[in-house]
file input20.cif (mmCIF, N, CA, C and O atoms and all ligand atoms)
data_structure
loop_
_atom_site.label_atom_id
_atom_site.label_comp_id
_atom_site.auth_asym_id
_atom_site.auth_seq_id
_atom_site.Cartn_x
_atom_site.Cartn_y
_atom_site.Cartn_z
N MET A 1307 -0.63 7.51 -26.62
CA MET A 1307 -1.11 6.21 -26.15
C MET A 1307 -1.84 6.40 -24.82
O MET A 1307 -1.38 7.13 -23.96
N SER A 1308 -2.98 5.75 -24.68
CA SER A 1308 -3.74 5.94 -23.45
C SER A 1308 -3.10 5.16 -22.30
O SER A 1308 -2.46 4.13 -22.50
N ARG A 1309 -3.31 5.69 -21.11
CA ARG A 1309 -2.74 5.06 -19.92
C ARG A 1309 -3.52 3.79 -19.59
O ARG A 1309 -4.72 3.71 -19.78
N LYS A 1310 -2.79 2.83 -19.06
CA LYS A 1310 -3.43 1.57 -18.67
C LYS A 1310 -3.67 1.59 -17.17
O LYS A 1310 -3.03 2.35 -16.44
N ASN A 1311 -4.59 0.78 -16.73
CA ASN A 1311 -4.91 0.71 -15.30
C ASN A 1311 -4.33 -0.57 -14.70
O ASN A 1311 -4.51 -1.66 -15.25
N LEU A 1312 -3.64 -0.40 -13.58
CA LEU A 1312 -3.13 -1.54 -12.82
C LEU A 1312 -3.89 -1.55 -11.49
O LEU A 1312 -3.75 -0.63 -10.69
N VAL A 1313 -4.71 -2.56 -11.28
CA VAL A 1313 -5.52 -2.62 -10.06
C VAL A 1313 -4.89 -3.64 -9.10
O VAL A 1313 -4.74 -4.81 -9.45
N VAL A 1314 -4.48 -3.16 -7.94
CA VAL A 1314 -3.87 -4.02 -6.92
C VAL A 1314 -4.93 -4.25 -5.83
O VAL A 1314 -5.26 -3.33 -5.08
N ILE A 1315 -5.45 -5.46 -5.78
CA ILE A 1315 -6.51 -5.76 -4.81
C ILE A 1315 -5.87 -6.17 -3.50
O ILE A 1315 -5.14 -7.15 -3.43
N GLY A 1316 -6.13 -5.40 -2.46
CA GLY A 1316 -5.54 -5.64 -1.15
C GLY A 1316 -4.34 -4.72 -0.97
O GLY A 1316 -3.48 -4.62 -1.84
N ASN A 1317 -4.33 -4.00 0.14
CA ASN A 1317 -3.21 -3.11 0.44
C ASN A 1317 -2.56 -3.56 1.75
O ASN A 1317 -2.43 -2.80 2.70
N GLY A 1318 -2.19 -4.83 1.76
CA GLY A 1318 -1.45 -5.36 2.90
C GLY A 1318 0.04 -5.19 2.67
O GLY A 1318 0.47 -4.39 1.83
N MET A 1319 0.84 -5.95 3.40
CA MET A 1319 2.29 -5.80 3.29
C MET A 1319 2.78 -6.13 1.88
O MET A 1319 3.65 -5.45 1.34
N VAL A 1320 2.21 -7.16 1.29
CA VAL A 1320 2.67 -7.58 -0.04
C VAL A 1320 2.18 -6.60 -1.12
O VAL A 1320 2.95 -6.16 -1.98
N GLY A 1321 0.90 -6.22 -1.05
CA GLY A 1321 0.36 -5.28 -2.03
C GLY A 1321 1.11 -3.96 -1.99
O GLY A 1321 1.45 -3.38 -3.03
N HIS A 1322 1.39 -3.48 -0.78
CA HIS A 1322 2.10 -2.21 -0.63
C HIS A 1322 3.51 -2.29 -1.19
O HIS A 1322 3.96 -1.40 -1.92
N ARG A 1323 4.20 -3.38 -0.87
CA ARG A 1323 5.58 -3.55 -1.37
C ARG A 1323 5.59 -3.62 -2.90
O ARG A 1323 6.45 -3.05 -3.55
N PHE A 1324 4.60 -4.31 -3.44
CA PHE A 1324 4.49 -4.39 -4.89
C PHE A 1324 4.31 -3.00 -5.49
O PHE A 1324 4.96 -2.64 -6.49
N ILE A 1325 3.45 -2.19 -4.88
CA ILE A 1325 3.23 -0.84 -5.39
C ILE A 1325 4.52 -0.01 -5.29
O ILE A 1325 4.89 0.68 -6.24
N GLU A 1326 5.21 -0.11 -4.15
CA GLU A 1326 6.47 0.63 -3.98
C GLU A 1326 7.47 0.26 -5.08
O GLU A 1326 8.09 1.14 -5.68
N ARG A 1327 7.64 -1.04 -5.32
CA ARG A 1327 8.60 -1.49 -6.33
C ARG A 1327 8.17 -1.06 -7.72
O ARG A 1327 9.01 -0.68 -8.56
N THR A 1328 6.88 -1.12 -7.97
CA THR A 1328 6.36 -0.76 -9.28
C THR A 1328 6.58 0.73 -9.56
O THR A 1328 6.99 1.12 -10.66
N ILE A 1329 6.34 1.55 -8.53
CA ILE A 1329 6.58 2.99 -8.66
C ILE A 1329 8.07 3.24 -8.90
O ILE A 1329 8.45 4.03 -9.78
N ALA A 1330 8.92 2.55 -8.12
CA ALA A 1330 10.38 2.76 -8.24
C ALA A 1330 10.87 2.41 -9.64
O ALA A 1330 11.86 2.98 -10.11
N GLN A 1331 10.17 1.52 -10.31
CA GLN A 1331 10.57 1.14 -11.67
C GLN A 1331 9.94 2.03 -12.73
O GLN A 1331 10.05 1.76 -13.92
N GLY A 1332 9.26 3.09 -12.28
CA GLY A 1332 8.76 4.10 -13.22
C GLY A 1332 7.41 3.77 -13.84
O GLY A 1332 7.03 4.39 -14.84
N ALA A 1333 6.68 2.86 -13.24
CA ALA A 1333 5.43 2.42 -13.85
C ALA A 1333 4.39 3.53 -13.98
O ALA A 1333 3.54 3.48 -14.87
N THR A 1334 4.47 4.53 -13.10
CA THR A 1334 3.41 5.55 -13.12
C THR A 1334 3.48 6.42 -14.38
O THR A 1334 2.57 7.19 -14.64
N GLU A 1335 4.56 6.28 -15.16
CA GLU A 1335 4.59 7.00 -16.44
C GLU A 1335 3.58 6.44 -17.42
O GLU A 1335 3.07 7.13 -18.28
N GLU A 1336 3.29 5.15 -17.29
CA GLU A 1336 2.38 4.50 -18.24
C GLU A 1336 1.09 4.00 -17.61
O GLU A 1336 0.11 3.78 -18.30
N TRP A 1337 1.16 3.78 -16.29
CA TRP A 1337 0.05 3.09 -15.65
C TRP A 1337 -0.61 3.98 -14.60
O TRP A 1337 0.08 4.66 -13.85
N ASN A 1338 -1.92 3.90 -14.51
CA ASN A 1338 -2.64 4.38 -13.33
C ASN A 1338 -2.62 3.23 -12.34
O ASN A 1338 -2.99 2.11 -12.71
N ILE A 1339 -2.19 3.48 -11.12
CA ILE A 1339 -2.20 2.41 -10.12
C ILE A 1339 -3.36 2.65 -9.17
O ILE A 1339 -3.48 3.73 -8.59
N ILE A 1340 -4.19 1.65 -9.05
CA ILE A 1340 -5.39 1.75 -8.23
C ILE A 1340 -5.33 0.62 -7.21
O ILE A 1340 -5.08 -0.53 -7.57
N THR A 1341 -5.50 0.95 -5.94
CA THR A 1341 -5.52 -0.11 -4.94
C THR A 1341 -6.68 0.10 -4.00
O THR A 1341 -7.14 1.24 -3.80
N PHE A 1342 -7.17 -0.99 -3.45
CA PHE A 1342 -8.20 -0.90 -2.43
C PHE A 1342 -8.08 -2.12 -1.53
O PHE A 1342 -7.40 -3.09 -1.88
N CYS A 1343 -8.68 -2.03 -0.37
CA CYS A 1343 -8.58 -3.14 0.57
C CYS A 1343 -9.87 -3.24 1.37
O CYS A 1343 -10.75 -2.39 1.28
N GLU A 1344 -9.93 -4.30 2.14
CA GLU A 1344 -11.13 -4.57 2.92
C GLU A 1344 -11.13 -3.72 4.20
O GLU A 1344 -12.18 -3.41 4.73
N GLU A 1345 -9.94 -3.39 4.67
CA GLU A 1345 -9.84 -2.68 5.93
C GLU A 1345 -9.94 -1.17 5.70
O GLU A 1345 -9.68 -0.69 4.61
N PRO A 1346 -10.26 -0.41 6.79
CA PRO A 1346 -10.44 1.03 6.61
C PRO A 1346 -9.14 1.82 6.60
O PRO A 1346 -9.18 3.04 6.65
N ARG A 1347 -7.98 1.15 6.54
CA ARG A 1347 -6.71 1.89 6.54
C ARG A 1347 -5.74 1.26 5.54
O ARG A 1347 -5.88 0.10 5.17
N LEU A 1348 -4.76 2.08 5.14
CA LEU A 1348 -3.76 1.60 4.19
C LEU A 1348 -2.79 0.65 4.90
O LEU A 1348 -2.88 0.44 6.11
N ALA A 1349 -1.87 0.11 4.14
CA ALA A 1349 -0.98 -0.96 4.62
C ALA A 1349 -0.30 -0.61 5.94
O ALA A 1349 0.17 0.51 6.14
N TYR A 1350 -0.24 -1.60 6.80
CA TYR A 1350 0.44 -1.44 8.08
C TYR A 1350 1.26 -2.69 8.37
O TYR A 1350 1.09 -3.72 7.73
N ASP A 1351 2.14 -2.58 9.33
CA ASP A 1351 3.08 -3.64 9.67
C ASP A 1351 2.39 -4.67 10.56
O ASP A 1351 2.42 -4.58 11.78
N ARG A 1352 1.80 -5.66 9.92
CA ARG A 1352 1.05 -6.67 10.69
C ARG A 1352 1.98 -7.51 11.54
O ARG A 1352 1.58 -8.01 12.59
N VAL A 1353 3.20 -7.69 11.07
CA VAL A 1353 4.15 -8.51 11.83
C VAL A 1353 4.37 -7.92 13.23
O VAL A 1353 4.53 -8.65 14.20
N ASN A 1354 4.36 -6.61 13.30
CA ASN A 1354 4.55 -5.95 14.59
C ASN A 1354 3.25 -5.44 15.20
O ASN A 1354 3.25 -4.54 16.04
N LEU A 1355 2.15 -6.05 14.78
CA LEU A 1355 0.83 -5.60 15.22
C LEU A 1355 0.66 -5.67 16.74
O LEU A 1355 0.00 -4.83 17.34
N SER A 1356 1.28 -6.68 17.35
CA SER A 1356 1.10 -6.81 18.80
C SER A 1356 1.67 -5.59 19.54
O SER A 1356 1.28 -5.32 20.69
N GLY A 1357 2.56 -4.84 18.88
CA GLY A 1357 3.08 -3.61 19.49
C GLY A 1357 1.99 -2.59 19.76
O GLY A 1357 2.16 -1.68 20.59
N PHE A 1358 0.85 -2.76 19.08
CA PHE A 1358 -0.28 -1.86 19.30
C PHE A 1358 -0.74 -1.90 20.75
O PHE A 1358 -1.21 -0.90 21.30
N PHE A 1359 -0.55 -3.08 21.37
CA PHE A 1359 -0.98 -3.23 22.76
C PHE A 1359 0.08 -2.79 23.76
O PHE A 1359 -0.13 -2.84 24.95
N SER A 1360 1.21 -2.38 23.24
CA SER A 1360 2.23 -1.85 24.15
C SER A 1360 2.63 -0.44 23.76
O SER A 1360 3.78 -0.02 23.94
N GLY A 1361 1.68 0.28 23.17
CA GLY A 1361 1.87 1.72 22.98
C GLY A 1361 2.06 2.21 21.56
O GLY A 1361 2.01 3.41 21.32
N LYS A 1362 2.31 1.30 20.60
CA LYS A 1362 2.46 1.79 19.22
C LYS A 1362 1.10 2.25 18.69
O LYS A 1362 0.08 1.65 19.00
N THR A 1363 1.13 3.30 17.89
CA THR A 1363 -0.11 3.82 17.33
C THR A 1363 -0.29 3.32 15.89
O THR A 1363 0.65 2.77 15.30
N ALA A 1364 -1.47 3.53 15.35
CA ALA A 1364 -1.72 3.16 13.96
C ALA A 1364 -0.73 3.87 13.04
O ALA A 1364 -0.24 3.29 12.07
N GLU A 1365 -0.38 5.11 13.38
CA GLU A 1365 0.59 5.86 12.56
C GLU A 1365 1.97 5.21 12.64
O GLU A 1365 2.69 5.14 11.63
N ASP A 1366 2.34 4.75 13.84
CA ASP A 1366 3.64 4.08 14.00
C ASP A 1366 3.73 2.84 13.11
O ASP A 1366 4.78 2.52 12.56
N LEU A 1367 2.60 2.12 13.00
CA LEU A 1367 2.61 0.85 12.29
C LEU A 1367 2.36 1.01 10.80
O LEU A 1367 2.60 0.08 10.02
N SER A 1368 1.91 2.19 10.39
CA SER A 1368 1.61 2.39 8.97
C SER A 1368 2.86 2.22 8.12
O SER A 1368 3.95 2.67 8.48
N LEU A 1369 2.69 1.58 6.97
CA LEU A 1369 3.81 1.43 6.03
C LEU A 1369 3.78 2.50 4.94
O LEU A 1369 4.70 2.62 4.16
N VAL A 1370 2.69 3.25 4.90
CA VAL A 1370 2.51 4.23 3.82
C VAL A 1370 2.77 5.62 4.38
O VAL A 1370 2.08 6.06 5.30
N GLU A 1371 3.78 6.29 3.84
CA GLU A 1371 4.08 7.65 4.28
C GLU A 1371 2.89 8.54 3.91
O GLU A 1371 2.30 8.37 2.84
N PRO A 1372 2.53 9.52 4.80
CA PRO A 1372 1.41 10.39 4.48
C PRO A 1372 1.59 11.02 3.09
O PRO A 1372 2.67 11.50 2.76
N ASN A 1373 0.55 10.97 2.30
CA ASN A 1373 0.49 11.55 0.95
C ASN A 1373 1.35 10.85 -0.09
O ASN A 1373 1.36 11.28 -1.24
N SER A 1374 2.08 9.78 0.28
CA SER A 1374 2.98 9.19 -0.71
C SER A 1374 2.22 8.58 -1.89
O SER A 1374 2.70 8.64 -3.02
N TYR A 1375 1.06 8.02 -1.63
CA TYR A 1375 0.29 7.47 -2.75
C TYR A 1375 -0.25 8.61 -3.62
O TYR A 1375 -0.19 8.54 -4.83
N GLN A 1376 -0.77 9.65 -2.96
CA GLN A 1376 -1.32 10.75 -3.74
C GLN A 1376 -0.24 11.42 -4.58
O GLN A 1376 -0.48 11.84 -5.72
N ASP A 1377 0.99 11.52 -4.03
CA ASP A 1377 2.07 12.19 -4.75
C ASP A 1377 2.36 11.54 -6.09
O ASP A 1377 2.77 12.19 -7.03
N VAL A 1378 2.19 10.22 -6.16
CA VAL A 1378 2.45 9.54 -7.43
C VAL A 1378 1.14 9.06 -8.06
O VAL A 1378 1.13 8.22 -8.94
N GLN A 1379 0.06 9.61 -7.57
CA GLN A 1379 -1.26 9.34 -8.13
C GLN A 1379 -1.65 7.86 -8.07
O GLN A 1379 -2.06 7.27 -9.07
N VAL A 1380 -1.44 7.25 -6.91
CA VAL A 1380 -2.05 5.94 -6.65
C VAL A 1380 -3.42 6.24 -6.07
O VAL A 1380 -3.55 7.03 -5.14
N TYR A 1381 -4.43 5.64 -6.65
CA TYR A 1381 -5.79 5.96 -6.22
C TYR A 1381 -6.34 4.83 -5.36
O TYR A 1381 -6.13 3.68 -5.63
C1 LIG B 1 0.69 -10.58 15.24
C2 LIG B 1 1.17 -11.08 13.89
C3 LIG B 1 2.51 -11.47 13.73
C4 LIG B 1 2.97 -11.94 12.51
N1 LIG B 1 4.29 -12.27 12.35
C5 LIG B 1 4.76 -12.67 11.17
C6 LIG B 1 6.14 -12.95 10.97
O1 LIG B 1 6.95 -12.87 11.90
N2 LIG B 1 6.57 -13.33 9.73
C7 LIG B 1 5.70 -13.43 8.69
O2 LIG B 1 6.14 -13.75 7.58
N3 LIG B 1 4.38 -13.17 8.85
C8 LIG B 1 3.90 -12.80 10.05
N4 LIG B 1 2.57 -12.53 10.21
C9 LIG B 1 1.71 -12.71 9.07
C10 LIG B 1 1.73 -11.42 8.27
O3 LIG B 1 0.58 -10.70 8.65
C11 LIG B 1 1.70 -11.82 6.83
O4 LIG B 1 2.90 -12.51 6.48
C12 LIG B 1 1.59 -10.60 5.92
O5 LIG B 1 0.69 -9.64 6.44
C13 LIG B 1 1.10 -11.09 4.60
O6 LIG B 1 0.93 -9.97 3.78
P1 LIG B 1 -0.20 -9.93 2.70
O7 LIG B 1 -0.08 -8.59 2.02
O8 LIG B 1 -0.13 -11.16 1.84
O9 LIG B 1 -1.56 -10.08 3.51
P2 LIG B 1 -2.27 -9.02 4.45
O10 LIG B 1 -1.26 -8.15 5.15
O11 LIG B 1 -3.22 -9.82 5.27
O12 LIG B 1 -3.08 -8.09 3.44
C14 LIG B 1 -4.23 -8.56 2.76
C15 LIG B 1 -4.93 -7.34 2.16
O13 LIG B 1 -6.03 -7.79 1.38
C16 LIG B 1 -7.20 -7.07 1.76
N5 LIG B 1 -8.36 -7.91 1.50
C17 LIG B 1 -8.63 -9.12 2.04
N6 LIG B 1 -9.81 -9.56 1.55
C18 LIG B 1 -10.26 -8.61 0.69
C19 LIG B 1 -11.42 -8.50 -0.11
N7 LIG B 1 -12.36 -9.44 -0.17
N8 LIG B 1 -11.56 -7.37 -0.88
C20 LIG B 1 -10.62 -6.41 -0.85
N9 LIG B 1 -9.50 -6.47 -0.11
C21 LIG B 1 -9.33 -7.57 0.66
C22 LIG B 1 -6.99 -6.74 3.23
O14 LIG B 1 -7.79 -5.64 3.63
C23 LIG B 1 -5.50 -6.38 3.22
O15 LIG B 1 -5.32 -5.05 2.80
C24 LIG B 1 2.08 -12.05 11.41
C25 LIG B 1 0.74 -11.66 11.58
C26 LIG B 1 0.28 -11.18 12.79
C27 LIG B 1 -1.17 -10.75 12.94
#
call {"tool": "encode", "arguments": {"input": "input20.cif", "output": "structure tokens", "more": "lines below"}}
Ligand SMILES: Cc1cc2nc3c(=O)[nH]c(=O)nc-3n(C[C@H](O)[C@H](O)[C@H](O)COP(=O)(O)OP(=O)(O)OC[C@H]3O[C@@H](n4cnc5c(N)ncnc54)[C@H](O)[C@@H]3O)c2cc1C
result
Amino acid sequence: MSRKNLVVIGNGMVGHRFIERTIAQGATEEWNIITFCEEPRLAYDRVNLSGFFSGKTAEDLSLVEPNSYQDVQVY
């Protein structure tokens, strides 16, 4: 059976959480997960965004572990 494509438009807090839950439920066995967003970076903690002005870096605020999407073939 051919793999199906799941396209998640927007990689904000909700889109990222949806992808995490979907992966945890084993979806990558059947689905290619594809996500994209308007911003030049993957999901970050917008709720704590103001911390950026008190020393937090983009890496600190990122919700996506380095390579975690690639490891499960989220494109
Ligand atoms: C300083 C600050 C404090 C906040 N505090 C709280 C809080 O305490 N509690 C709370 O519930 N919320 C808070 N919020 C709001 C919080 O940002 C949202 O609740 C949360 O980010 C919503 O997640 P989301 O994934 O729906 O949207 P977003 O995080 O905004 O993600 C939207 C995604 O869609 C993408 N996108 C948008 N338009 C397009 C397009 N045309 N094409 C492709 N991609 C697109 C964006 O690039 C982004 O990746 C706060 C926000 C800020 C800035």
call {"tool": "closest_residue", "arguments": {"input": "input20.cif", "among": "A:Glu1371, A:Glu1345, A:Asp1377, A:Glu1365", "to": "ligand LIG 1 (chain B)", "atoms": "all atoms listed in the file"}}
result
A:Glu1345
call {"tool": "closest_residue", "arguments": {"input": "input20.cif", "among": "A:Cys1343, A:Val1370, A:Val1314, A:Asp1351", "to": "Thr1328 of chain A", "atoms": "only C-alpha atoms"}}
result
A:Val1314
call {"tool": "closest_residue", "arguments": {"input": "input20.cif", "among": "A:Arg1327, A:His1322, A:Lys1362, A:Arg1309", "to": "ligand LIG 1 (chain B)", "atoms": "only C-alpha atoms and all ligand atoms"}}
result
A:His1322
call {"tool": "atom_distance", "arguments": {"input": "input20.cif", "atom1": "atom C27 of ligand LIG 1 (chain B)", "atom2": "atom O of Leu1355 of chain A"}}
result
7.5 Å
call {"tool": "closest_atom_pairs", "arguments": {"input": "input20.cif", "of": "chain A", "to": "ligand LIG 1 (chain B)", "cutoff": "8 Å", "atoms": "only N, CA, C and O atoms and all ligand atoms", "output": "tab-separated table"}}
result
residue	atom	partner	partner_atom	distance
A:Val1314	O	B:LIG1	N9	7.2
A:Ile1315	O	B:LIG1	O13	4.9
A:Gly1316	CA	B:LIG1	O13	3.4
A:Asn1317	N	B:LIG1	O15	3.0
A:Gly1318	CA	B:LIG1	O12	3.2
A:Met1319	N	B:LIG1	O7	3.1
A:Val1320	N	B:LIG1	O7	2.8
A:Gly1321	N	B:LIG1	O7	4.0
A:His1322	N	B:LIG1	O7	6.0
A:Arg1323	N	B:LIG1	O7	7.3
A:Phe1342	O	B:LIG1	N9	4.4
A:Cys1343	CA	B:LIG1	N9	3.5
A:Glu1344	N	B:LIG1	O14	2.9
A:Glu1345	N	B:LIG1	O14	3.3
A:Pro1346	N	B:LIG1	O14	6.6
A:Arg1347	O	B:LIG1	O15	5.7
A:Leu1348	C	B:LIG1	O15	6.6
A:Ala1349	CA	B:LIG1	O15	6.2
A:Tyr1350	O	B:LIG1	O10	5.6
A:Asp1351	C	B:LIG1	O3	6.6
A:Arg1352	O	B:LIG1	C2	3.4
A:Val1353	O	B:LIG1	C3	3.5
A:Asn1354	N	B:LIG1	C3	5.2
A:Leu1355	N	B:LIG1	C1	4.8
A:Ser1356	N	B:LIG1	C1	4.5
A:Gly1357	N	B:LIG1	C1	7.0
call {"tool": "residues_around", "arguments": {"input": "input20.cif", "residues": "Glu1336 of chain A", "least_positions_apart": "6", "cutoff": "10 Å", "atoms": "only C-alpha atoms", "output": "PDB file with N, CA, C and O atoms, keeping the file's coordinate frame"}}
result
ATOM      1  N   MET A1307      -0.630   7.510 -26.620  1.00  0.00           N
ATOM      2  CA  MET A1307      -1.110   6.210 -26.150  1.00  0.00           C
ATOM      3  C   MET A1307      -1.840   6.400 -24.820  1.00  0.00           C
ATOM      4  O   MET A1307      -1.380   7.130 -23.960  1.00  0.00           O
ATOM      5  N   SER A1308      -2.980   5.750 -24.680  1.00  0.00           N
ATOM      6  CA  SER A1308      -3.740   5.940 -23.450  1.00  0.00           C
ATOM      7  C   SER A1308      -3.100   5.160 -22.300  1.00  0.00           C
ATOM      8  O   SER A1308      -2.460   4.130 -22.500  1.00  0.00           O
ATOM      9  N   ARG A1309      -3.310   5.690 -21.110  1.00  0.00           N
ATOM     10  CA  ARG A1309      -2.740   5.060 -19.920  1.00  0.00           C
ATOM     11  C   ARG A1309      -3.520   3.790 -19.590  1.00  0.00           C
ATOM     12  O   ARG A1309      -4.720   3.710 -19.780  1.00  0.00           O
ATOM     13  N   LYS A1310      -2.790   2.830 -19.060  1.00  0.00           N
ATOM     14  CA  LYS A1310      -3.430   1.570 -18.670  1.00  0.00           C
ATOM     15  C   LYS A1310      -3.670   1.590 -17.170  1.00  0.00           C
ATOM     16  O   LYS A1310      -3.030   2.350 -16.440  1.00  0.00           O
ATOM     17  N   ASN A1311      -4.590   0.780 -16.730  1.00  0.00           N
ATOM     18  CA  ASN A1311      -4.910   0.710 -15.300  1.00  0.00           C
ATOM     19  C   ASN A1311      -4.330  -0.570 -14.700  1.00  0.00           C
ATOM     20  O   ASN A1311      -4.510  -1.660 -15.250  1.00  0.00           O
ATOM     21  N   LEU A1312      -3.640  -0.400 -13.580  1.00  0.00           N
ATOM     22  CA  LEU A1312      -3.130  -1.540 -12.820  1.00  0.00           C
ATOM     23  C   LEU A1312      -3.890  -1.550 -11.490  1.00  0.00           C
ATOM     24  O   LEU A1312      -3.750  -0.630 -10.690  1.00  0.00           O
TER      25      LEU A1312
END
call {"tool": "closest_residue", "arguments": {"input": "input20.cif", "among": "A:Val1313, A:Ala1364, A:Ile1339, A:Phe1358", "to": "Gln1376 of chain A", "atoms": "only C-alpha atoms"}}
result
A:Ile1339
call {"tool": "atom_distance", "arguments": {"input": "input20.cif", "atom1": "atom C of Tyr1381 of chain A", "atom2": "atom C of Asn1338 of chain A"}}
result
8.1 Å
call {"tool": "atom_distance", "arguments": {"input": "input20.cif", "atom1": "atom N of Trp1337 of chain A", "atom2": "atom C of Leu1369 of chain A"}}
result
21.4 Å
call {"tool": "axis_aligned_box", "arguments": {"input": "input20.cif", "around": "segment 1345-1355 of chain A", "padding_each_side": "4 Å", "output": "lines of an AutoDock Vina configuration file"}}
result
center_x = -2.9
center_y = -2.8
center_z = 10.7
size_x = 23.0
size_y = 19.7
size_z = 21.2
call {"tool": "select_by_dssp", "arguments": {"input": "input20.cif", "residues": "chain A", "states": "strand (DSSP E or B)", "output": "number ranges by chain"}}
result
A: 1310-1315, 1337-1342, 1350, 1368, 1380
call {"tool": "select_by_dssp", "arguments": {"input": "input20.cif", "residues": "segment 1312-1377 of chain A", "states": "alpha helix (DSSP H)", "output": "number ranges by chain"}}
result
A: 1319-1330, 1364-1367, 1374-1377
call {"tool": "decode", "arguments": {"input": "input20.cif", "residues": "segment 1311-1317 of chain A", "atoms": "all heavy atoms", "output": "PDB file, in the first residue's frame"}}
result
ATOM      1  N   ASN A1311       0.157  11.157   2.431  1.00  0.00           N
ATOM      2  CA  ASN A1311       0.803  12.392   2.881  1.00  0.00           C
ATOM      3  C   ASN A1311      -0.106  13.143   3.846  1.00  0.00           C
ATOM      4  O   ASN A1311      -1.287  13.342   3.573  1.00  0.00           O
ATOM      5  CB  ASN A1311       1.109  13.312   1.686  1.00  0.00           C
ATOM      6  CG  ASN A1311       2.187  12.731   0.794  1.00  0.00           C
ATOM      7  OD1 ASN A1311       3.110  12.075   1.267  1.00  0.00           O
ATOM      8  ND2 ASN A1311       2.062  12.948  -0.500  1.00  0.00           N
ATOM      9  N   LEU A1312       0.476  13.531   4.973  1.00  0.00           N
ATOM     10  CA  LEU A1312      -0.227  14.376   5.943  1.00  0.00           C
ATOM     11  C   LEU A1312       0.488  15.724   5.958  1.00  0.00           C
ATOM     12  O   LEU A1312       1.653  15.806   6.340  1.00  0.00           O
ATOM     13  CB  LEU A1312      -0.177  13.735   7.332  1.00  0.00           C
ATOM     14  CG  LEU A1312      -0.713  14.568   8.494  1.00  0.00           C
ATOM     15  CD1 LEU A1312      -2.208  14.836   8.313  1.00  0.00           C
ATOM     16  CD2 LEU A1312      -0.475  13.845   9.809  1.00  0.00           C
ATOM     17  N   VAL A1313      -0.181  16.765   5.493  1.00  0.00           N
ATOM     18  CA  VAL A1313       0.446  18.084   5.410  1.00  0.00           C
ATOM     19  C   VAL A1313      -0.075  18.947   6.568  1.00  0.00           C
ATOM     20  O   VAL A1313      -1.281  19.165   6.685  1.00  0.00           O
ATOM     21  CB  VAL A1313       0.137  18.757   4.058  1.00  0.00           C
ATOM     22  CG1 VAL A1313       0.802  20.130   3.995  1.00  0.00           C
ATOM     23  CG2 VAL A1313       0.603  17.876   2.904  1.00  0.00           C
ATOM     24  N   VAL A1314       0.832  19.366   7.428  1.00  0.00           N
ATOM     25  CA  VAL A1314       0.480  20.209   8.577  1.00  0.00           C
ATOM     26  C   VAL A1314       0.936  21.634   8.238  1.00  0.00           C
ATOM     27  O   VAL A1314       2.138  21.916   8.199  1.00  0.00           O
ATOM     28  CB  VAL A1314       1.162  19.717   9.866  1.00  0.00           C
ATOM     29  CG1 VAL A1314       0.751  20.584  11.054  1.00  0.00           C
ATOM     30  CG2 VAL A1314       0.826  18.241  10.124  1.00  0.00           C
ATOM     31  N   ILE A1315      -0.025  22.497   7.985  1.00  0.00           N
ATOM     32  CA  ILE A1315       0.305  23.871   7.599  1.00  0.00           C
ATOM     33  C   ILE A1315       0.481  24.711   8.858  1.00  0.00           C
ATOM     34  O   ILE A1315      -0.438  24.850   9.654  1.00  0.00           O
ATOM     35  CB  ILE A1315      -0.793  24.468   6.693  1.00  0.00           C
ATOM     36  CG1 ILE A1315      -0.972  23.593   5.451  1.00  0.00           C
ATOM     37  CG2 ILE A1315      -0.456  25.905   6.315  1.00  0.00           C
ATOM     38  CD1 ILE A1315      -2.171  23.948   4.608  1.00  0.00           C
ATOM     39  N   GLY A1316       1.676  25.236   9.038  1.00  0.00           N
ATOM     40  CA  GLY A1316       2.007  26.007  10.229  1.00  0.00           C
ATOM     41  C   GLY A1316       2.737  25.118  11.218  1.00  0.00           C
ATOM     42  O   GLY A1316       2.299  24.002  11.516  1.00  0.00           O
ATOM     43  N   ASN A1317       3.885  25.577  11.680  1.00  0.00           N
ATOM     44  CA  ASN A1317       4.659  24.825  12.671  1.00  0.00           C
ATOM     45  C   ASN A1317       4.798  25.669  13.932  1.00  0.00           C
ATOM     46  O   ASN A1317       5.882  25.942  14.411  1.00  0.00           O
ATOM     47  CB  ASN A1317       6.029  24.432  12.081  1.00  0.00           C
ATOM     48  CG  ASN A1317       6.748  23.432  12.949  1.00  0.00           C
ATOM     49  OD1 ASN A1317       7.864  23.659  13.390  1.00  0.00           O
ATOM     50  ND2 ASN A1317       6.117  22.317  13.228  1.00  0.00           N
TER      51      ASN A1317
END
